[in-house]
Amino acid sequence: MSQANQSTNAHQWGTLTWREIDKLDPDRTIFLLPTGAIEQHGPHLPIDTDIFNSNSLVNAVAKNWKTTDQTIDSKVIALPPIWWGTSPHHKGFSGTISLRIETFHSLLSDIFSSITQHGFYRFLIINGHGGNAGILNASTGELSESLGVSIPTYSYWQSIISTLIELGESEIGGMGHACEMETSLALYLRPELVNLNELRQDLPKSRLALSCIDFRQPGFLGIPLDFRRDSREGVMGDPTLATKEKGQRIFNDALLAANGLVKSLFETESSSLKTSHFSH
Ligand SMILES: [Zn+2]
């Protein structure tokens, strides 16, 4: 066995050699892609909050997979993350780096076409930024034709809505952005980066127009936001109610849900993941 295989990072694409990747069994390997954003998260959370959360989740799933699933010989590999997302609604604040929709789609297209060229077809995108959801759906739809693979995608909070409803102490609007949920996660995952002196509640001004921004109860109305216009200092929600304990539950429940998804994707027939355009 090679040194790389013995490394504790053997679940990460970037640490493997081409031979090790070449030997992976396409039927028994799932590749997880973290997506997120580099965007302002209020005066108290770091710019990379969204991609840090999804990348942490992806790496936890991939790293623990051997112990999670002992029934089948399978591998879960964490792909290098796409750091940036589409965040035009946050560009009014310093620090945000936003991709154009076509850039984001081109990145997805180039990444997946490189990987599928070698016969791999089992993927899962775990997203950490709400602003990416629409483009991820549109983009994977196009890739199902151009690459011939159906790439499942979801945003991690969608898998734990019941947990968020149970834990949330804020009114609806309190879990939107740099909020009760994201600040709790940060207090659990890297508390040294939470500026506790800057925690302030900022609930949406207009519930009708902005109700879409709560992880527990997304509104049906789609309306482009401008956080410089729609918030005081980049927050939508109530970070003052965040706790480390909530963050731990949120992360662990998201991890359980992701493990369950990966397991069910392994049980999915290849014919359900390759489209009629698949050529390998
Ligand atoms: Zn966020």
# chains A, B, ... in the order shown; residues from 1 in each chain; ligands from 1

call {"tool": "residues_around", "arguments": {"residues": "A:Asp25", "least_positions_apart": "4", "cutoff": "12 Å", "atoms": "only C-alpha atoms", "output": "ChimeraX atom specification"}}
result
/A:20-21,29-31,73-77,118-122

call {"tool": "residues_near_ligand", "arguments": {"ligand": "ligand 1", "cutoff": "8 Å", "atoms": "only C-alpha atoms and all ligand atoms", "output": "PyMOL selection string"}}
result
chain A and resi 37+39+41+49-50+128-130+177-178+182

call {"tool": "write_last_selection", "arguments": {"atoms": "N, CA and C atoms", "output": "short mmCIF file (atom, residue, chain, number, x, y, z; two decimals), in the first residue's frame"}}
result
data_model
loop_
_atom_site.label_atom_id
_atom_site.label_comp_id
_atom_site.auth_asym_id
_atom_site.auth_seq_id
_atom_site.Cartn_x
_atom_site.Cartn_y
_atom_site.Cartn_z
N ALA A 37 -19.68 29.85 -0.96
CA ALA A 37 -19.49 31.24 -1.39
C ALA A 37 -18.38 31.88 -0.57
N GLU A 39 -18.37 35.38 0.68
CA GLU A 39 -19.23 36.58 0.74
C GLU A 39 -19.36 37.07 2.17
N HIS A 41 -20.47 37.98 5.75
CA HIS A 41 -21.37 37.33 6.71
C HIS A 41 -21.52 38.18 7.96
N THR A 49 -17.60 31.58 5.34
CA THR A 49 -18.51 30.75 6.13
C THR A 49 -19.21 29.66 5.31
N ASP A 50 -19.77 30.01 4.15
CA ASP A 50 -20.59 29.05 3.40
C ASP A 50 -19.78 27.89 2.85
N GLY A 128 -23.46 24.98 0.21
CA GLY A 128 -23.53 25.73 1.47
C GLY A 128 -24.01 27.16 1.32
N HIS A 129 -24.47 27.52 0.11
CA HIS A 129 -24.88 28.92 -0.13
C HIS A 129 -26.19 28.96 -0.90
N GLY A 130 -27.21 29.54 -0.28
CA GLY A 130 -28.54 29.58 -0.88
C GLY A 130 -28.56 30.19 -2.28
N HIS A 177 -29.27 34.58 7.26
CA HIS A 177 -27.90 34.79 6.80
C HIS A 177 -27.07 35.36 7.95
N ALA A 178 -25.93 34.69 8.24
CA ALA A 178 -25.10 35.08 9.39
C ALA A 178 -25.97 35.12 10.64
N GLU A 182 -26.19 29.80 11.22
CA GLU A 182 -24.79 29.87 10.76
C GLU A 182 -23.84 30.29 11.90
#

call {"tool": "residues_around", "arguments": {"residues": "A:Leu147", "least_positions_apart": "6", "cutoff": "10 Å", "atoms": "only C-alpha atoms", "output": "list in words"}}
result
Ser109, Phe112, Ser113, Thr116, Gln117, Tyr121, Thr140, Lys274, Thr275, Ser276, His277, Phe278, Ser279 and His280 of chain A

call {"tool": "write_last_selection", "arguments": {"atoms": "C-alpha atoms", "output": "CSV table (one decimal), in the first residue's frame"}}
result
chain,number,residue,atom,x,y,z
A,109,SER,CA,-18.9,21.8,-16.6
A,112,PHE,CA,-17.3,17.2,-14.2
A,113,SER,CA,-16.3,16.7,-17.8
A,116,THR,CA,-16.5,11.7,-16.2
A,117,GLN,CA,-13.9,11.3,-19.0
A,121,TYR,CA,-20.5,8.9,-12.8
A,140,THR,CA,-26.8,20.0,-13.5
A,274,LYS,CA,-26.3,7.7,-16.4
A,275,THR,CA,-28.6,9.4,-18.9
A,276,SER,CA,-29.2,8.3,-22.5
A,277,HIS,CA,-26.3,10.6,-23.5
A,278,PHE,CA,-23.6,8.8,-21.5
A,279,SER,CA,-20.9,7.5,-23.8
A,280,HIS,CA,-18.3,5.8,-21.5

call {"tool": "residues_around", "arguments": {"residues": "A:Leu187", "least_positions_apart": "2", "cutoff": "8 Å", "atoms": "only C-alpha atoms", "output": "NGL selection string"}}
result
:A and (183-185 or 189-192 or 194 or 242-244 or 247)

call {"tool": "write_last_selection", "arguments": {"atoms": "N, CA and C atoms", "output": "short mmCIF file (atom, residue, chain, number, x, y, z; two decimals), in the first residue's frame"}}
result
data_model
loop_
_atom_site.label_atom_id
_atom_site.label_comp_id
_atom_site.auth_asym_id
_atom_site.auth_seq_id
_atom_site.Cartn_x
_atom_site.Cartn_y
_atom_site.Cartn_z
N THR A 183 -24.33 31.13 12.79
CA THR A 183 -23.46 31.54 13.91
C THR A 183 -23.30 30.37 14.89
N SER A 184 -24.36 29.57 15.08
CA SER A 184 -24.24 28.38 15.93
C SER A 184 -23.21 27.41 15.35
N LEU A 185 -23.28 27.18 14.04
CA LEU A 185 -22.30 26.29 13.40
C LEU A 185 -20.88 26.80 13.60
N LEU A 189 -17.79 24.90 15.15
CA LEU A 189 -16.70 24.45 14.28
C LEU A 189 -15.41 25.26 14.45
N ARG A 190 -15.53 26.56 14.70
CA ARG A 190 -14.33 27.40 14.85
C ARG A 190 -14.67 28.69 15.60
N PRO A 191 -14.91 28.51 16.90
CA PRO A 191 -15.38 29.63 17.73
C PRO A 191 -14.41 30.80 17.79
N GLU A 192 -13.13 30.51 17.53
CA GLU A 192 -12.13 31.59 17.60
C GLU A 192 -12.36 32.64 16.52
N VAL A 194 -15.45 33.77 15.64
CA VAL A 194 -16.72 34.47 15.84
C VAL A 194 -16.47 35.71 16.70
N ALA A 242 -27.56 32.27 18.97
CA ALA A 242 -26.70 31.14 18.57
C ALA A 242 -25.98 30.54 19.77
N THR A 243 -25.83 29.22 19.76
CA THR A 243 -25.03 28.55 20.78
C THR A 243 -24.19 27.45 20.14
N LYS A 244 -23.12 27.10 20.82
CA LYS A 244 -22.25 26.02 20.37
C LYS A 244 -23.02 24.70 20.34
N GLY A 247 -25.07 24.41 17.34
CA GLY A 247 -24.17 24.17 16.21
C GLY A 247 -23.76 22.72 16.11
#

call {"tool": "closest_residue", "arguments": {"among": "A:Gly173, A:Thr86, A:Leu33, A:Lys23", "to": "A:Pro218", "atoms": "only C-alpha atoms"}}
result
A:Gly173

call {"tool": "closest_residue", "arguments": {"among": "A:Pro81, A:Gly92, A:Gly260, A:Gly36", "to": "A:Asp230", "atoms": "only C-alpha atoms"}}
result
A:Gly92

call {"tool": "select_by_dssp", "arguments": {"residues": "stretch 85-220 of chain A", "states": "helix (DSSP H, G or I)", "output": "PDB file with C-alpha atoms, in the first residue's frame"}}
result
ATOM      1  CA  PRO A  88     -24.334  39.524  -6.447  1.00  0.00           C
ATOM      2  CA  HIS A  89     -26.670  40.372  -3.535  1.00  0.00           C
ATOM      3  CA  HIS A  90     -23.692  40.631  -1.178  1.00  0.00           C
ATOM      4  CA  ILE A 101     -23.583  32.606 -13.547  1.00  0.00           C
ATOM      5  CA  GLU A 102     -21.758  31.580 -16.731  1.00  0.00           C
ATOM      6  CA  THR A 103     -18.446  31.323 -14.844  1.00  0.00           C
ATOM      7  CA  PHE A 104     -19.995  29.090 -12.197  1.00  0.00           C
ATOM      8  CA  HIS A 105     -21.622  26.902 -14.833  1.00  0.00           C
ATOM      9  CA  SER A 106     -18.339  26.723 -16.775  1.00  0.00           C
ATOM     10  CA  LEU A 107     -16.487  25.615 -13.634  1.00  0.00           C
ATOM     11  CA  LEU A 108     -19.021  22.852 -12.960  1.00  0.00           C
ATOM     12  CA  SER A 109     -18.944  21.788 -16.597  1.00  0.00           C
ATOM     13  CA  ASP A 110     -15.133  21.662 -16.778  1.00  0.00           C
ATOM     14  CA  ILE A 111     -14.746  19.879 -13.434  1.00  0.00           C
ATOM     15  CA  PHE A 112     -17.314  17.179 -14.160  1.00  0.00           C
ATOM     16  CA  SER A 113     -16.293  16.663 -17.792  1.00  0.00           C
ATOM     17  CA  SER A 114     -12.704  16.078 -16.604  1.00  0.00           C
ATOM     18  CA  ILE A 115     -13.848  13.451 -14.114  1.00  0.00           C
ATOM     19  CA  THR A 116     -16.459  11.691 -16.245  1.00  0.00           C
ATOM     20  CA  GLY A 130     -28.542  29.580  -0.882  1.00  0.00           C
ATOM     21  CA  GLY A 131     -27.682  31.870  -3.795  1.00  0.00           C
ATOM     22  CA  ASN A 132     -26.191  28.893  -5.675  1.00  0.00           C
ATOM     23  CA  ALA A 133     -29.275  26.687  -5.554  1.00  0.00           C
ATOM     24  CA  GLY A 134     -30.953  27.923  -8.722  1.00  0.00           C
ATOM     25  CA  ILE A 135     -27.818  27.838 -10.850  1.00  0.00           C
ATOM     26  CA  LEU A 136     -26.883  24.380  -9.509  1.00  0.00           C
ATOM     27  CA  ASN A 137     -30.231  22.985 -10.615  1.00  0.00           C
ATOM     28  CA  ALA A 138     -30.036  24.671 -14.014  1.00  0.00           C
ATOM     29  CA  SER A 139     -26.425  23.686 -14.517  1.00  0.00           C
ATOM     30  CA  THR A 140     -26.769  20.022 -13.538  1.00  0.00           C
ATOM     31  CA  GLY A 141     -29.787  19.845 -15.830  1.00  0.00           C
ATOM     32  CA  GLU A 142     -27.632  20.931 -18.738  1.00  0.00           C
ATOM     33  CA  LEU A 143     -24.810  18.573 -17.697  1.00  0.00           C
ATOM     34  CA  SER A 144     -27.206  15.636 -17.725  1.00  0.00           C
ATOM     35  CA  GLU A 145     -27.371  16.152 -21.480  1.00  0.00           C
ATOM     36  CA  SER A 146     -23.817  17.276 -22.255  1.00  0.00           C
ATOM     37  CA  TYR A 156     -27.216  20.974   3.592  1.00  0.00           C
ATOM     38  CA  TRP A 157     -29.917  22.805   5.591  1.00  0.00           C
ATOM     39  CA  GLN A 158     -32.621  21.237   3.391  1.00  0.00           C
ATOM     40  CA  SER A 159     -31.798  17.876   4.970  1.00  0.00           C
ATOM     41  CA  ILE A 160     -32.245  19.084   8.574  1.00  0.00           C
ATOM     42  CA  ILE A 161     -35.269  21.385   8.514  1.00  0.00           C
ATOM     43  CA  SER A 162     -36.948  19.483  11.361  1.00  0.00           C
ATOM     44  CA  THR A 163     -33.803  19.930  13.483  1.00  0.00           C
ATOM     45  CA  LEU A 164     -33.772  23.663  12.722  1.00  0.00           C
ATOM     46  CA  ILE A 165     -37.441  23.994  13.641  1.00  0.00           C
ATOM     47  CA  GLU A 166     -36.813  22.108  16.887  1.00  0.00           C
ATOM     48  CA  LEU A 167     -33.710  24.108  17.872  1.00  0.00           C
ATOM     49  CA  GLU A 180     -28.955  31.831  14.519  1.00  0.00           C
ATOM     50  CA  MET A 181     -28.020  28.757  12.435  1.00  0.00           C
ATOM     51  CA  GLU A 182     -24.791  29.873  10.765  1.00  0.00           C
ATOM     52  CA  THR A 183     -23.465  31.538  13.911  1.00  0.00           C
ATOM     53  CA  SER A 184     -24.241  28.378  15.929  1.00  0.00           C
ATOM     54  CA  LEU A 185     -22.303  26.293  13.396  1.00  0.00           C
ATOM     55  CA  ALA A 186     -19.355  28.671  13.624  1.00  0.00           C
ATOM     56  CA  LEU A 187     -19.447  28.583  17.444  1.00  0.00           C
ATOM     57  CA  TYR A 188     -19.153  24.794  17.197  1.00  0.00           C
ATOM     58  CA  LEU A 189     -16.695  24.449  14.278  1.00  0.00           C
ATOM     59  CA  PRO A 191     -15.382  29.630  17.734  1.00  0.00           C
ATOM     60  CA  GLU A 192     -12.131  31.588  17.602  1.00  0.00           C
ATOM     61  CA  LEU A 193     -13.403  33.258  14.414  1.00  0.00           C
ATOM     62  CA  LEU A 196     -18.898  37.937  19.976  1.00  0.00           C
ATOM     63  CA  ASN A 197     -18.895  41.714  20.420  1.00  0.00           C
ATOM     64  CA  GLU A 198     -20.672  42.161  17.099  1.00  0.00           C
ATOM     65  CA  ARG A 207     -41.870  39.837   5.688  1.00  0.00           C
ATOM     66  CA  LEU A 208     -43.887  39.786   2.468  1.00  0.00           C
ATOM     67  CA  ALA A 209     -41.004  40.440   0.112  1.00  0.00           C
ATOM     68  CA  LEU A 210     -38.181  38.841   2.036  1.00  0.00           C
TER      69      LEU A 210
END

call {"tool": "atom_distance", "arguments": {"atom1": "atom CA of A:Val149", "atom2": "atom CA of A:Leu265"}}
result
13.3 Å

call {"tool": "residues_around", "arguments": {"residues": "A:Ile213", "least_positions_apart": "6", "cutoff": "9 Å", "atoms": "only C-alpha atoms", "output": "VMD selection string"}}
result
chain A and resid 130 172 to 177 204 219 236 to 237

call {"tool": "closest_residue", "arguments": {"among": "A:Ser98, A:Thr8, A:Ser54, A:Gln201", "to": "A:Val235", "atoms": "only C-alpha atoms"}}
result
A:Gln201

call {"tool": "residues_around", "arguments": {"residues": "A:Leu273", "least_positions_apart": "2", "cutoff": "6 Å", "atoms": "only C-alpha atoms", "output": "list in words"}}
result
Val149, Ser150, Ser270 and Ser271 of chain A

call {"tool": "write_last_selection", "arguments": {"atoms": "N, CA and C atoms", "output": "PDB file, in the first residue's frame"}}
result
ATOM      1  N   VAL A 149     -24.572  12.374 -17.317  1.00  0.00           N
ATOM      2  CA  VAL A 149     -24.715  11.913 -15.933  1.00  0.00           C
ATOM      3  C   VAL A 149     -25.707  12.800 -15.184  1.00  0.00           C
ATOM      4  N   SER A 150     -26.494  12.165 -14.318  1.00  0.00           N
ATOM      5  CA  SER A 150     -27.397  12.923 -13.449  1.00  0.00           C
ATOM      6  C   SER A 150     -26.672  13.191 -12.139  1.00  0.00           C
ATOM      7  N   SER A 270     -26.752   2.062 -11.551  1.00  0.00           N
ATOM      8  CA  SER A 270     -26.016   2.961 -12.451  1.00  0.00           C
ATOM      9  C   SER A 270     -26.920   3.472 -13.567  1.00  0.00           C
ATOM     10  N   SER A 271     -27.879   2.655 -13.962  1.00  0.00           N
ATOM     11  CA  SER A 271     -28.760   3.068 -15.058  1.00  0.00           C
ATOM     12  C   SER A 271     -29.643   4.253 -14.672  1.00  0.00           C
TER      13      SER A 271
END
